[in-house]
Amino acid sequence: MIEIEFIPVGEKTDTGDAILCHFTEPVTGTQRVMLVDGGFTDTADAIVSHVQHYYNTSRIDLMVCTHPDDDHINGLFGVLEQLQVDRLLIHRPASYGHTSDDVKADKVDDLIALARKQGVTVITNAFTGATFFEGAVMIAGPDESFYASLLNEDDPSTSFSGRFGAVLRASAQALKNVLRPRATDPGEGDLTDGDGTTARNNTSIILDVQVDGYRVLLTGDAGVPALTRAADHLARSGRSAVRLPDLFDVPHHGSRHNLTTEVMNRLAGPVIGDTGARTAFVSVGKEAEDFPRPEVANAFTRRGYKVCSTRGQTIRWHRGTVKRPGWTSLTPLPWLEPDA
C-alpha cells in the first residue's frame, strides 16, 4: 500500500510544499508515515489534522526538510510541537562553516534544537545513497561535496556572483502570465531552464520512493544540476531501471528554471504522447494562475503524465488502498498555450 498526498500551501498566489507519504514498509509490513516539507507556519495544523484523521495516528516516522526556504521549513516547527516525530532528516549549513542568514543557518539550527528538545533523532549527515524503511526510500541527491559547493555559492561571504545570480533569477520568476488552455499539443521544441534556479534550491533533498512495485520521485525545488546528478546516481544504483516514476513531483511548483529536455527524458521518460499512464503533481497557490509554467506542464503531458495541481485542495495519489468517501477524481490540466 502506498499513498502520496500534497497538502495545499499558502493563500492566493503563495506556493510551497507539504507532502505526506503513507506506505507499507517492505519486509516488515509496518505502516509508515513520512512528511516531506511543511509549507508555511499555518500549514502545520492542516498536516497534523490530516495525519490524525486519515492515518489514525499521531506519529511521523520520518520528517524531511528538503531545503530551508520558508515555504518548506516553517510548518515543520508546528508539526514537531503537535505530533510524535521519530526522525528528522535535514542538512545543516553550520556544519560546513556557513552561519549567515543567506543560507538560513539559524532557522535550520532552531528546527534541530526543537526536534532534539522533543526527543527526535536528528540526521544531518545522510546524502546520496542513504536509504530508509528497508530501502523503500533512497536519497538520490545531493551528495555531500555538491551540497558543500552550493553553500559556498549561496553565501555572499564566499561568493558574490552566486548571490547576484540568485537575485536576477528571482526577478525573472516574478514575471506573471495567466495560464491559457488550448486544444492541441503546441510542440515541445527545446525545453531549457533559462538562467537556472538558485543554489539553495539545488541543495534540495531528492527522494526516490519504491513500494509494492510502484515508484515515486520527490524533487523539492531542485534544478538541472541537482537533478542531473540524481539521474546519474539512480542509473548507477539500478533504481531507475525498475520503471519510470508512477508519480512525479514537479520541481519548484512547475517553474521554467528547473528542467530541460535532457533531464526530462532521463527522469520522466521520452515523449510518448498524451496517454495519462502516469501522474505528475505540482504544488501551487490557489490563485497562482501563472504556475505551473505551460512549457513544463506540457512536457509532462506529452511524456504520458496526467498533470494535477493543488490550488487550495489536498490531492492524493494512491495504490493498494481504498477510495475515500467524499473525495473526487482529479481533473488533469489540459494542453497550455506557451508564453508569448
# chains A, B, ... in the order shown; residues from 1 in each chain; ligands from 1
call {"tool": "residues_around", "arguments": {"residues": "range 302-318 of chain A", "least_positions_apart": "5", "cutoff": "7 Å", "atoms": "only C-alpha atoms", "output": "PDB file with all heavy atoms, in the first residue's frame"}}
result
ATOM      1  N   ILE A   2       0.514   2.205  -0.817  1.00  0.00           N
ATOM      2  CA  ILE A   2       1.211   3.482  -0.824  1.00  0.00           C
ATOM      3  C   ILE A   2       0.240   4.587  -1.206  1.00  0.00           C
ATOM      4  O   ILE A   2      -0.581   4.415  -2.115  1.00  0.00           O
ATOM      5  CB  ILE A   2       2.429   3.467  -1.774  1.00  0.00           C
ATOM      6  CG1 ILE A   2       3.147   4.830  -1.760  1.00  0.00           C
ATOM      7  CG2 ILE A   2       2.031   3.065  -3.191  1.00  0.00           C
ATOM      8  CD1 ILE A   2       4.475   4.833  -2.493  1.00  0.00           C
ATOM      9  N   GLU A   3       0.302   5.689  -0.491  1.00  0.00           N
ATOM     10  CA  GLU A   3      -0.461   6.881  -0.864  1.00  0.00           C
ATOM     11  C   GLU A   3       0.405   8.112  -0.601  1.00  0.00           C
ATOM     12  O   GLU A   3       1.087   8.200   0.412  1.00  0.00           O
ATOM     13  CB  GLU A   3      -1.799   6.974  -0.119  1.00  0.00           C
ATOM     14  CG  GLU A   3      -1.723   6.898   1.387  1.00  0.00           C
ATOM     15  CD  GLU A   3      -3.108   6.865   2.027  1.00  0.00           C
ATOM     16  OE1 GLU A   3      -4.076   7.367   1.421  1.00  0.00           O
ATOM     17  OE2 GLU A   3      -3.214   6.337   3.149  1.00  0.00           O
ATOM     18  N   ILE A   4       0.381   9.016  -1.580  1.00  0.00           N
ATOM     19  CA  ILE A   4       1.138  10.258  -1.511  1.00  0.00           C
ATOM     20  C   ILE A   4       0.138  11.395  -1.595  1.00  0.00           C
ATOM     21  O   ILE A   4      -0.699  11.433  -2.510  1.00  0.00           O
ATOM     22  CB  ILE A   4       2.145  10.379  -2.674  1.00  0.00           C
ATOM     23  CG1 ILE A   4       2.997   9.109  -2.798  1.00  0.00           C
ATOM     24  CG2 ILE A   4       2.998  11.623  -2.502  1.00  0.00           C
ATOM     25  CD1 ILE A   4       3.940   8.856  -1.660  1.00  0.00           C
ATOM     26  N   GLU A   5       0.224  12.332  -0.655  1.00  0.00           N
ATOM     27  CA  GLU A   5      -0.748  13.418  -0.612  1.00  0.00           C
ATOM     28  C   GLU A   5      -0.047  14.764  -0.501  1.00  0.00           C
ATOM     29  O   GLU A   5       0.849  14.946   0.324  1.00  0.00           O
ATOM     30  CB  GLU A   5      -1.714  13.208   0.553  1.00  0.00           C
ATOM     31  CG  GLU A   5      -2.375  11.826   0.484  1.00  0.00           C
ATOM     32  CD  GLU A   5      -3.496  11.655   1.461  1.00  0.00           C
ATOM     33  OE1 GLU A   5      -4.579  12.206   1.207  1.00  0.00           O
ATOM     34  OE2 GLU A   5      -3.304  10.961   2.470  1.00  0.00           O
ATOM     35  N   PHE A   6      -0.470  15.685  -1.348  1.00  0.00           N
ATOM     36  CA  PHE A   6       0.057  17.042  -1.337  1.00  0.00           C
ATOM     37  C   PHE A   6      -0.940  17.923  -0.591  1.00  0.00           C
ATOM     38  O   PHE A   6      -2.073  18.104  -1.048  1.00  0.00           O
ATOM     39  CB  PHE A   6       0.246  17.558  -2.762  1.00  0.00           C
ATOM     40  CG  PHE A   6       1.492  17.076  -3.452  1.00  0.00           C
ATOM     41  CD1 PHE A   6       1.925  15.774  -3.330  1.00  0.00           C
ATOM     42  CD2 PHE A   6       2.231  17.943  -4.249  1.00  0.00           C
ATOM     43  CE1 PHE A   6       3.069  15.319  -3.967  1.00  0.00           C
ATOM     44  CE2 PHE A   6       3.379  17.497  -4.905  1.00  0.00           C
ATOM     45  CZ  PHE A   6       3.802  16.188  -4.767  1.00  0.00           C
ATOM     46  N   ILE A   7      -0.505  18.459   0.555  1.00  0.00           N
ATOM     47  CA  ILE A   7      -1.343  19.369   1.330  1.00  0.00           C
ATOM     48  C   ILE A   7      -1.213  20.769   0.719  1.00  0.00           C
ATOM     49  O   ILE A   7      -0.106  21.206   0.401  1.00  0.00           O
ATOM     50  CB  ILE A   7      -0.886  19.398   2.804  1.00  0.00           C
ATOM     51  CG1 ILE A   7      -0.840  17.972   3.381  1.00  0.00           C
ATOM     52  CG2 ILE A   7      -1.795  20.297   3.631  1.00  0.00           C
ATOM     53  CD1 ILE A   7      -2.173  17.275   3.437  1.00  0.00           C
ATOM     54  N   PRO A   8      -2.321  21.500   0.532  1.00  0.00           N
ATOM     55  CA  PRO A   8      -2.213  22.843  -0.054  1.00  0.00           C
ATOM     56  C   PRO A   8      -1.437  23.783   0.855  1.00  0.00           C
ATOM     57  O   PRO A   8      -1.584  23.750   2.078  1.00  0.00           O
ATOM     58  CB  PRO A   8      -3.674  23.285  -0.214  1.00  0.00           C
ATOM     59  CG  PRO A   8      -4.433  22.468   0.784  1.00  0.00           C
ATOM     60  CD  PRO A   8      -3.717  21.150   0.863  1.00  0.00           C
ATOM     61  N   GLY A 269      11.122  10.176 -18.683  1.00  0.00           N
ATOM     62  CA  GLY A 269      10.958   9.322 -19.847  1.00  0.00           C
ATOM     63  C   GLY A 269      10.826  10.128 -21.120  1.00  0.00           C
ATOM     64  O   GLY A 269      10.666  11.354 -21.097  1.00  0.00           O
ATOM     65  N   PRO A 270      10.862   9.457 -22.275  1.00  0.00           N
ATOM     66  CA  PRO A 270      10.789  10.148 -23.569  1.00  0.00           C
ATOM     67  C   PRO A 270       9.362  10.568 -23.908  1.00  0.00           C
ATOM     68  O   PRO A 270       8.397  10.150 -23.259  1.00  0.00           O
ATOM     69  CB  PRO A 270      11.286   9.077 -24.545  1.00  0.00           C
ATOM     70  CG  PRO A 270      10.856   7.793 -23.903  1.00  0.00           C
ATOM     71  CD  PRO A 270      11.037   8.005 -22.421  1.00  0.00           C
ATOM     72  N   VAL A 271       9.241  11.380 -24.933  1.00  0.00           N
ATOM     73  CA  VAL A 271       7.929  11.800 -25.426  1.00  0.00           C
ATOM     74  C   VAL A 271       7.204  10.585 -26.005  1.00  0.00           C
ATOM     75  O   VAL A 271       7.732   9.878 -26.860  1.00  0.00           O
ATOM     76  CB  VAL A 271       8.073  12.889 -26.507  1.00  0.00           C
ATOM     77  CG1 VAL A 271       6.733  13.192 -27.151  1.00  0.00           C
ATOM     78  CG2 VAL A 271       8.678  14.150 -25.898  1.00  0.00           C
ATOM     79  N   ILE A 272       6.003  10.318 -25.492  1.00  0.00           N
ATOM     80  CA  ILE A 272       5.220   9.180 -25.972  1.00  0.00           C
ATOM     81  C   ILE A 272       3.795   9.578 -26.342  1.00  0.00           C
ATOM     82  O   ILE A 272       3.000   8.754 -26.777  1.00  0.00           O
ATOM     83  CB  ILE A 272       5.170   8.043 -24.924  1.00  0.00           C
ATOM     84  CG1 ILE A 272       4.546   8.543 -23.612  1.00  0.00           C
ATOM     85  CG2 ILE A 272       6.553   7.477 -24.681  1.00  0.00           C
ATOM     86  CD1 ILE A 272       4.340   7.440 -22.578  1.00  0.00           C
ATOM     87  N   GLY A 273       3.448  10.849 -26.123  1.00  0.00           N
ATOM     88  CA  GLY A 273       2.081  11.284 -26.382  1.00  0.00           C
ATOM     89  C   GLY A 273       1.286  11.353 -25.094  1.00  0.00           C
ATOM     90  O   GLY A 273       1.719  10.925 -24.034  1.00  0.00           O
ATOM     91  N   ASP A 274       0.096  11.868 -25.191  1.00  0.00           N
ATOM     92  CA  ASP A 274      -0.771  12.087 -24.032  1.00  0.00           C
ATOM     93  C   ASP A 274      -1.519  10.797 -23.686  1.00  0.00           C
ATOM     94  O   ASP A 274      -2.660  10.594 -24.103  1.00  0.00           O
ATOM     95  CB  ASP A 274      -1.753  13.221 -24.348  1.00  0.00           C
ATOM     96  CG  ASP A 274      -2.710  13.498 -23.203  1.00  0.00           C
ATOM     97  OD1 ASP A 274      -2.486  12.979 -22.100  1.00  0.00           O
ATOM     98  OD2 ASP A 274      -3.686  14.242 -23.429  1.00  0.00           O
ATOM     99  N   THR A 275      -0.881   9.908 -22.904  1.00  0.00           N
ATOM    100  CA  THR A 275      -1.513   8.638 -22.556  1.00  0.00           C
ATOM    101  C   THR A 275      -2.141   8.647 -21.166  1.00  0.00           C
ATOM    102  O   THR A 275      -3.040   7.860 -20.886  1.00  0.00           O
ATOM    103  CB  THR A 275      -0.483   7.492 -22.598  1.00  0.00           C
ATOM    104  OG1 THR A 275       0.473   7.677 -21.544  1.00  0.00           O
ATOM    105  CG2 THR A 275       0.237   7.459 -23.939  1.00  0.00           C
ATOM    106  N   GLY A 276      -1.665   9.520 -20.278  1.00  0.00           N
ATOM    107  CA  GLY A 276      -2.192   9.550 -18.921  1.00  0.00           C
ATOM    108  C   GLY A 276      -1.875   8.307 -18.124  1.00  0.00           C
ATOM    109  O   GLY A 276      -2.558   7.980 -17.155  1.00  0.00           O
ATOM    110  N   ALA A 277      -0.822   7.588 -18.513  1.00  0.00           N
ATOM    111  CA  ALA A 277      -0.471   6.349 -17.819  1.00  0.00           C
ATOM    112  C   ALA A 277       0.147   6.604 -16.458  1.00  0.00           C
ATOM    113  O   ALA A 277       0.097   5.755 -15.572  1.00  0.00           O
ATOM    114  CB  ALA A 277       0.500   5.534 -18.683  1.00  0.00           C
ATOM    115  N   ARG A 278       0.761   7.778 -16.285  1.00  0.00           N
ATOM    116  CA  ARG A 278       1.386   8.137 -15.021  1.00  0.00           C
ATOM    117  C   ARG A 278       0.849   9.485 -14.560  1.00  0.00           C
ATOM    118  O   ARG A 278       0.033  10.098 -15.240  1.00  0.00           O
ATOM    119  CB  ARG A 278       2.910   8.172 -15.195  1.00  0.00           C
ATOM    120  CG  ARG A 278       3.491   6.795 -15.534  1.00  0.00           C
ATOM    121  CD  ARG A 278       5.004   6.824 -15.653  1.00  0.00           C
ATOM    122  NE  ARG A 278       5.449   7.509 -16.849  1.00  0.00           N
ATOM    123  CZ  ARG A 278       5.548   6.925 -18.043  1.00  0.00           C
ATOM    124  NH1 ARG A 278       5.202   5.661 -18.196  1.00  0.00           N
ATOM    125  NH2 ARG A 278       5.984   7.602 -19.097  1.00  0.00           N
ATOM    126  N   THR A 279       1.307   9.946 -13.387  1.00  0.00           N
ATOM    127  CA  THR A 279       0.769  11.163 -12.798  1.00  0.00           C
ATOM    128  C   THR A 279       1.906  12.088 -12.377  1.00  0.00           C
ATOM    129  O   THR A 279       2.940  11.623 -11.890  1.00  0.00           O
ATOM    130  CB  THR A 279      -0.095  10.829 -11.559  1.00  0.00           C
ATOM    131  OG1 THR A 279      -1.114   9.898 -11.933  1.00  0.00           O
ATOM    132  CG2 THR A 279      -0.737  12.082 -10.995  1.00  0.00           C
ATOM    133  N   ALA A 280       1.714  13.381 -12.558  1.00  0.00           N
ATOM    134  CA  ALA A 280       2.635  14.396 -12.050  1.00  0.00           C
ATOM    135  C   ALA A 280       1.843  15.363 -11.182  1.00  0.00           C
ATOM    136  O   ALA A 280       0.796  15.863 -11.601  1.00  0.00           O
ATOM    137  CB  ALA A 280       3.309  15.139 -13.206  1.00  0.00           C
ATOM    138  N   PHE A 281       2.319  15.579  -9.963  1.00  0.00           N
ATOM    139  CA  PHE A 281       1.682  16.519  -9.044  1.00  0.00           C
ATOM    140  C   PHE A 281       2.530  17.778  -8.946  1.00  0.00           C
ATOM    141  O   PHE A 281       3.763  17.723  -8.912  1.00  0.00           O
ATOM    142  CB  PHE A 281       1.549  15.908  -7.647  1.00  0.00           C
ATOM    143  CG  PHE A 281       0.332  15.049  -7.448  1.00  0.00           C
ATOM    144  CD1 PHE A 281      -0.558  14.791  -8.479  1.00  0.00           C
ATOM    145  CD2 PHE A 281       0.061  14.488  -6.207  1.00  0.00           C
ATOM    146  CE1 PHE A 281      -1.685  13.992  -8.284  1.00  0.00           C
ATOM    147  CE2 PHE A 281      -1.050  13.693  -5.992  1.00  0.00           C
ATOM    148  CZ  PHE A 281      -1.930  13.446  -7.029  1.00  0.00           C
ATOM    149  N   VAL A 282       1.845  18.916  -8.863  1.00  0.00           N
ATOM    150  CA  VAL A 282       2.532  20.197  -8.688  1.00  0.00           C
ATOM    151  C   VAL A 282       1.805  20.996  -7.612  1.00  0.00           C
ATOM    152  O   VAL A 282       0.575  21.090  -7.623  1.00  0.00           O
ATOM    153  CB  VAL A 282       2.622  20.975 -10.014  1.00  0.00           C
ATOM    154  CG1 VAL A 282       1.259  21.161 -10.646  1.00  0.00           C
ATOM    155  CG2 VAL A 282       3.308  22.316  -9.812  1.00  0.00           C
ATOM    156  N   SER A 283       2.570  21.520  -6.667  1.00  0.00           N
ATOM    157  CA  SER A 283       2.010  22.320  -5.584  1.00  0.00           C
ATOM    158  C   SER A 283       2.012  23.780  -5.990  1.00  0.00           C
ATOM    159  O   SER A 283       3.073  24.368  -6.221  1.00  0.00           O
ATOM    160  CB  SER A 283       2.835  22.118  -4.306  1.00  0.00           C
ATOM    161  OG  SER A 283       2.285  22.871  -3.241  1.00  0.00           O
ATOM    162  N   VAL A 284       0.825  24.368  -6.110  1.00  0.00           N
ATOM    163  CA  VAL A 284       0.706  25.773  -6.498  1.00  0.00           C
ATOM    164  C   VAL A 284      -0.363  26.446  -5.639  1.00  0.00           C
ATOM    165  O   VAL A 284      -1.281  25.799  -5.138  1.00  0.00           O
ATOM    166  CB  VAL A 284       0.337  25.932  -7.991  1.00  0.00           C
ATOM    167  CG1 VAL A 284       1.455  25.444  -8.879  1.00  0.00           C
ATOM    168  CG2 VAL A 284      -0.953  25.209  -8.322  1.00  0.00           C
ATOM    169  N   GLY A 285      -0.236  27.752  -5.465  1.00  0.00           N
ATOM    170  CA  GLY A 285      -1.216  28.504  -4.690  1.00  0.00           C
ATOM    171  C   GLY A 285      -2.579  28.519  -5.342  1.00  0.00           C
ATOM    172  O   GLY A 285      -2.719  28.307  -6.551  1.00  0.00           O
ATOM    173  N   LYS A 286      -3.578  28.800  -4.535  1.00  0.00           N
ATOM    174  CA  LYS A 286      -4.959  28.766  -5.011  1.00  0.00           C
ATOM    175  C   LYS A 286      -5.184  29.723  -6.171  1.00  0.00           C
ATOM    176  O   LYS A 286      -5.961  29.442  -7.093  1.00  0.00           O
ATOM    177  CB  LYS A 286      -5.901  29.115  -3.857  1.00  0.00           C
ATOM    178  CG  LYS A 286      -7.366  28.846  -4.134  1.00  0.00           C
ATOM    179  CD  LYS A 286      -8.195  29.038  -2.877  1.00  0.00           C
ATOM    180  CE  LYS A 286      -9.654  28.671  -3.109  1.00  0.00           C
ATOM    181  NZ  LYS A 286     -10.466  28.830  -1.872  1.00  0.00           N
ATOM    182  N   GLU A 287      -4.514  30.868  -6.151  1.00  0.00           N
ATOM    183  CA  GLU A 287      -4.683  31.854  -7.210  1.00  0.00           C
ATOM    184  C   GLU A 287      -3.383  32.098  -7.979  1.00  0.00           C
ATOM    185  O   GLU A 287      -3.227  33.136  -8.626  1.00  0.00           O
ATOM    186  CB  GLU A 287      -5.203  33.170  -6.614  1.00  0.00           C
ATOM    187  CG  GLU A 287      -6.572  33.034  -5.949  1.00  0.00           C
ATOM    188  CD  GLU A 287      -7.042  34.331  -5.311  1.00  0.00           C
ATOM    189  OE1 GLU A 287      -6.498  35.402  -5.668  1.00  0.00           O
ATOM    190  OE2 GLU A 287      -7.928  34.272  -4.446  1.00  0.00           O
ATOM    191  N   ALA A 297       4.370  21.970 -17.848  1.00  0.00           N
ATOM    192  CA  ALA A 297       3.196  21.108 -17.780  1.00  0.00           C
ATOM    193  C   ALA A 297       3.024  20.310 -19.067  1.00  0.00           C
ATOM    194  O   ALA A 297       2.761  19.098 -19.035  1.00  0.00           O
ATOM    195  CB  ALA A 297       1.954  21.945 -17.501  1.00  0.00           C
ATOM    196  N   LEU A 330      -9.353  13.628  -9.722  1.00  0.00           N
ATOM    197  CA  LEU A 330      -8.727  14.869 -10.140  1.00  0.00           C
ATOM    198  C   LEU A 330      -8.924  15.106 -11.631  1.00  0.00           C
ATOM    199  O   LEU A 330      -8.981  14.167 -12.421  1.00  0.00           O
ATOM    200  CB  LEU A 330      -7.230  14.826  -9.826  1.00  0.00           C
ATOM    201  CG  LEU A 330      -6.857  14.838  -8.342  1.00  0.00           C
ATOM    202  CD1 LEU A 330      -5.369  14.547  -8.173  1.00  0.00           C
ATOM    203  CD2 LEU A 330      -7.202  16.176  -7.717  1.00  0.00           C
ATOM    204  N   THR A 331      -9.017  16.361 -11.990  1.00  0.00           N
ATOM    205  CA  THR A 331      -9.098  16.743 -13.398  1.00  0.00           C
ATOM    206  C   THR A 331      -7.713  17.217 -13.840  1.00  0.00           C
ATOM    207  O   THR A 331      -7.227  18.234 -13.340  1.00  0.00           O
ATOM    208  CB  THR A 331     -10.112  17.871 -13.615  1.00  0.00           C
ATOM    209  OG1 THR A 331     -11.407  17.436 -13.175  1.00  0.00           O
ATOM    210  CG2 THR A 331     -10.169  18.260 -15.092  1.00  0.00           C
ATOM    211  N   PRO A 332      -7.069  16.492 -14.749  1.00  0.00           N
ATOM    212  CA  PRO A 332      -5.723  16.905 -15.182  1.00  0.00           C
ATOM    213  C   PRO A 332      -5.758  18.225 -15.945  1.00  0.00           C
ATOM    214  O   PRO A 332      -6.777  18.599 -16.538  1.00  0.00           O
ATOM    215  CB  PRO A 332      -5.278  15.764 -16.093  1.00  0.00           C
ATOM    216  CG  PRO A 332      -6.201  14.619 -15.783  1.00  0.00           C
ATOM    217  CD  PRO A 332      -7.492  15.240 -15.363  1.00  0.00           C
ATOM    218  N   LEU A 333      -4.640  18.924 -15.940  1.00  0.00           N
ATOM    219  CA  LEU A 333      -4.506  20.136 -16.728  1.00  0.00           C
ATOM    220  C   LEU A 333      -4.588  19.799 -18.218  1.00  0.00           C
ATOM    221  O   LEU A 333      -4.082  18.780 -18.665  1.00  0.00           O
ATOM    222  CB  LEU A 333      -3.185  20.823 -16.445  1.00  0.00           C
ATOM    223  CG  LEU A 333      -3.012  21.473 -15.064  1.00  0.00           C
ATOM    224  CD1 LEU A 333      -1.596  21.991 -14.901  1.00  0.00           C
ATOM    225  CD2 LEU A 333      -4.010  22.597 -14.870  1.00  0.00           C
TER     226      LEU A 333
END
call {"tool": "residues_around", "arguments": {"residues": "Arg92 in chain A", "least_positions_apart": "3", "cutoff": "12 Å", "atoms": "only C-alpha atoms", "output": "PyMOL selection string"}}
result
chain A and resi 65-68+88-89+95-100+103-113+122-127+144+147-148+151+203
call {"tool": "write_last_selection", "arguments": {"atoms": "C-alpha atoms", "output": "PDB file, in the first residue's frame"}}
result
ATOM      1  CA  CYS A  65      13.252  19.198   5.240  1.00  0.00           C
ATOM      2  CA  THR A  66      14.395  19.238   1.618  1.00  0.00           C
ATOM      3  CA  HIS A  67      15.884  22.739   1.977  1.00  0.00           C
ATOM      4  CA  PRO A  68      15.298  25.682   4.337  1.00  0.00           C
ATOM      5  CA  LEU A  88      14.249  14.442  11.301  1.00  0.00           C
ATOM      6  CA  LEU A  89      16.362  14.491   8.139  1.00  0.00           C
ATOM      7  CA  SER A  95      28.345  22.052   9.883  1.00  0.00           C
ATOM      8  CA  TYR A  96      30.176  23.360   6.800  1.00  0.00           C
ATOM      9  CA  GLY A  97      31.144  26.719   8.285  1.00  0.00           C
ATOM     10  CA  HIS A  98      28.179  28.709   6.950  1.00  0.00           C
ATOM     11  CA  THR A  99      26.253  30.644   9.581  1.00  0.00           C
ATOM     12  CA  SER A 100      24.689  33.521   7.627  1.00  0.00           C
ATOM     13  CA  VAL A 103      21.770  30.019   3.901  1.00  0.00           C
ATOM     14  CA  LYS A 104      19.097  30.057   6.649  1.00  0.00           C
ATOM     15  CA  ALA A 105      21.609  28.670   9.140  1.00  0.00           C
ATOM     16  CA  ASP A 106      19.812  29.959  12.245  1.00  0.00           C
ATOM     17  CA  LYS A 107      16.420  28.651  11.135  1.00  0.00           C
ATOM     18  CA  VAL A 108      17.877  25.205  10.477  1.00  0.00           C
ATOM     19  CA  ASP A 109      19.534  25.179  13.893  1.00  0.00           C
ATOM     20  CA  ASP A 110      16.291  26.335  15.542  1.00  0.00           C
ATOM     21  CA  LEU A 111      14.411  23.416  13.984  1.00  0.00           C
ATOM     22  CA  ILE A 112      17.124  20.990  15.058  1.00  0.00           C
ATOM     23  CA  ALA A 113      17.053  22.367  18.600  1.00  0.00           C
ATOM     24  CA  VAL A 122      18.199  14.300  14.080  1.00  0.00           C
ATOM     25  CA  ILE A 123      20.040  13.149  10.941  1.00  0.00           C
ATOM     26  CA  THR A 124      22.228  15.787   9.261  1.00  0.00           C
ATOM     27  CA  ASN A 125      24.829  13.638   7.511  1.00  0.00           C
ATOM     28  CA  ALA A 126      22.735  11.476   5.157  1.00  0.00           C
ATOM     29  CA  PHE A 127      23.364  12.189   1.475  1.00  0.00           C
ATOM     30  CA  GLU A 144      27.886  15.883   0.315  1.00  0.00           C
ATOM     31  CA  TYR A 147      25.917  20.318  -1.121  1.00  0.00           C
ATOM     32  CA  ALA A 148      29.015  21.993   0.325  1.00  0.00           C
ATOM     33  CA  LEU A 151      26.594  26.588   0.216  1.00  0.00           C
ATOM     34  CA  THR A 203      20.520  21.772  -2.260  1.00  0.00           C
TER      35      THR A 203
END
call {"tool": "atom_distance", "arguments": {"atom1": "CA of Arg324 in chain A", "atom2": "CA of Asn74 in chain A"}}
result
29.1 Å
call {"tool": "atom_distance", "arguments": {"atom1": "CA of Pro142 in chain A", "atom2": "CA of Leu191 in chain A"}}
result
23.3 Å
call {"tool": "atom_distance", "arguments": {"atom1": "CA of Gly238 in chain A", "atom2": "CA of Glu262 in chain A"}}
result
19.0 Å
call {"tool": "select_by_dssp", "arguments": {"residues": "range 23-107 of chain A", "states": "alpha helix (DSSP H)", "output": "list in words"}}
result
Ala44, Asp45, Ala46, Ile47, Val48, Ser49, His50, Val51, Gln52, His53, Tyr54, Asp70, Asp71, His72, Ile73, Asn74, Gly75, Leu76, Phe77, Gly78, Val79, Leu80, Glu81, Gln82, Ala105, Asp106 and Lys107 of chain A
call {"tool": "closest_atom_pairs", "arguments": {"of": "range 211-313 of chain A", "to": "range 28-35 of chain A", "cutoff": "12 Å", "atoms": "only C-alpha atoms", "output": "CSV"}}
result
residue,atom,partner,partner_atom,distance
A:Val211,CA,A:Gly29,CA,10.8
A:Asp212,CA,A:Gly29,CA,10.7
A:Leu218,CA,A:Leu35,CA,11.4
call {"tool": "write_last_selection", "arguments": {"atoms": "all heavy atoms", "output": "PDB file, in the first residue's frame"}}
result
ATOM      1  N   VAL A 211       7.728   1.284  -3.472  1.00  0.00           N
ATOM      2  CA  VAL A 211       6.929   0.436  -2.594  1.00  0.00           C
ATOM      3  C   VAL A 211       5.958  -0.390  -3.445  1.00  0.00           C
ATOM      4  O   VAL A 211       5.278   0.155  -4.327  1.00  0.00           O
ATOM      5  CB  VAL A 211       6.129   1.283  -1.568  1.00  0.00           C
ATOM      6  CG1 VAL A 211       5.183   0.397  -0.765  1.00  0.00           C
ATOM      7  CG2 VAL A 211       7.068   2.034  -0.632  1.00  0.00           C
ATOM      8  N   ASP A 212       5.917  -1.680  -3.189  1.00  0.00           N
ATOM      9  CA  ASP A 212       4.945  -2.571  -3.848  1.00  0.00           C
ATOM     10  C   ASP A 212       4.999  -2.490  -5.376  1.00  0.00           C
ATOM     11  O   ASP A 212       3.979  -2.595  -6.058  1.00  0.00           O
ATOM     12  CB  ASP A 212       3.521  -2.265  -3.373  1.00  0.00           C
ATOM     13  CG  ASP A 212       3.290  -2.643  -1.920  1.00  0.00           C
ATOM     14  OD1 ASP A 212       4.116  -3.396  -1.369  1.00  0.00           O
ATOM     15  OD2 ASP A 212       2.306  -2.155  -1.322  1.00  0.00           O
ATOM     16  N   LEU A 218      10.371  12.471  -5.623  1.00  0.00           N
ATOM     17  CA  LEU A 218      10.089  13.733  -4.943  1.00  0.00           C
ATOM     18  C   LEU A 218      11.311  14.639  -5.095  1.00  0.00           C
ATOM     19  O   LEU A 218      12.415  14.275  -4.688  1.00  0.00           O
ATOM     20  CB  LEU A 218       9.769  13.493  -3.471  1.00  0.00           C
ATOM     21  CG  LEU A 218       8.599  12.535  -3.196  1.00  0.00           C
ATOM     22  CD1 LEU A 218       8.443  12.276  -1.705  1.00  0.00           C
ATOM     23  CD2 LEU A 218       7.295  13.093  -3.776  1.00  0.00           C
TER      24      LEU A 218
END
call {"tool": "select_by_dssp", "arguments": {"residues": "range 42-99 of chain A", "states": "strand (DSSP E or B)", "output": "PyMOL selection string"}}
result
chain A and resi 59-64+84-89
call {"tool": "closest_residue", "arguments": {"among": "A:Ala130, A:Ala183, A:Ala199, A:Val48", "to": "Glu81 in chain A", "atoms": "only C-alpha atoms"}}
result
A:Val48
call {"tool": "closest_residue", "arguments": {"among": "A:Thr41, A:His50, A:Ala231, A:Met63", "to": "Gly78 in chain A", "atoms": "only C-alpha atoms"}}
result
A:Thr41
call {"tool": "closest_residue", "arguments": {"among": "A:Pro251, A:Gly135, A:Gly129, A:Pro186", "to": "Met264 in chain A", "atoms": "only C-alpha atoms"}}
result
A:Pro251
call {"tool": "residues_around", "arguments": {"residues": "Thr192 in chain A", "least_positions_apart": "4", "cutoff": "10 Å", "atoms": "only C-alpha atoms", "output": "PyMOL selection string"}}
result
chain A and resi 196+224+256-263+295-296
call {"tool": "closest_residue", "arguments": {"among": "A:Lys117, A:Arg200, A:Arg182, A:Arg236", "to": "Asp155 in chain A", "atoms": "only C-alpha atoms"}}
result
A:Arg200
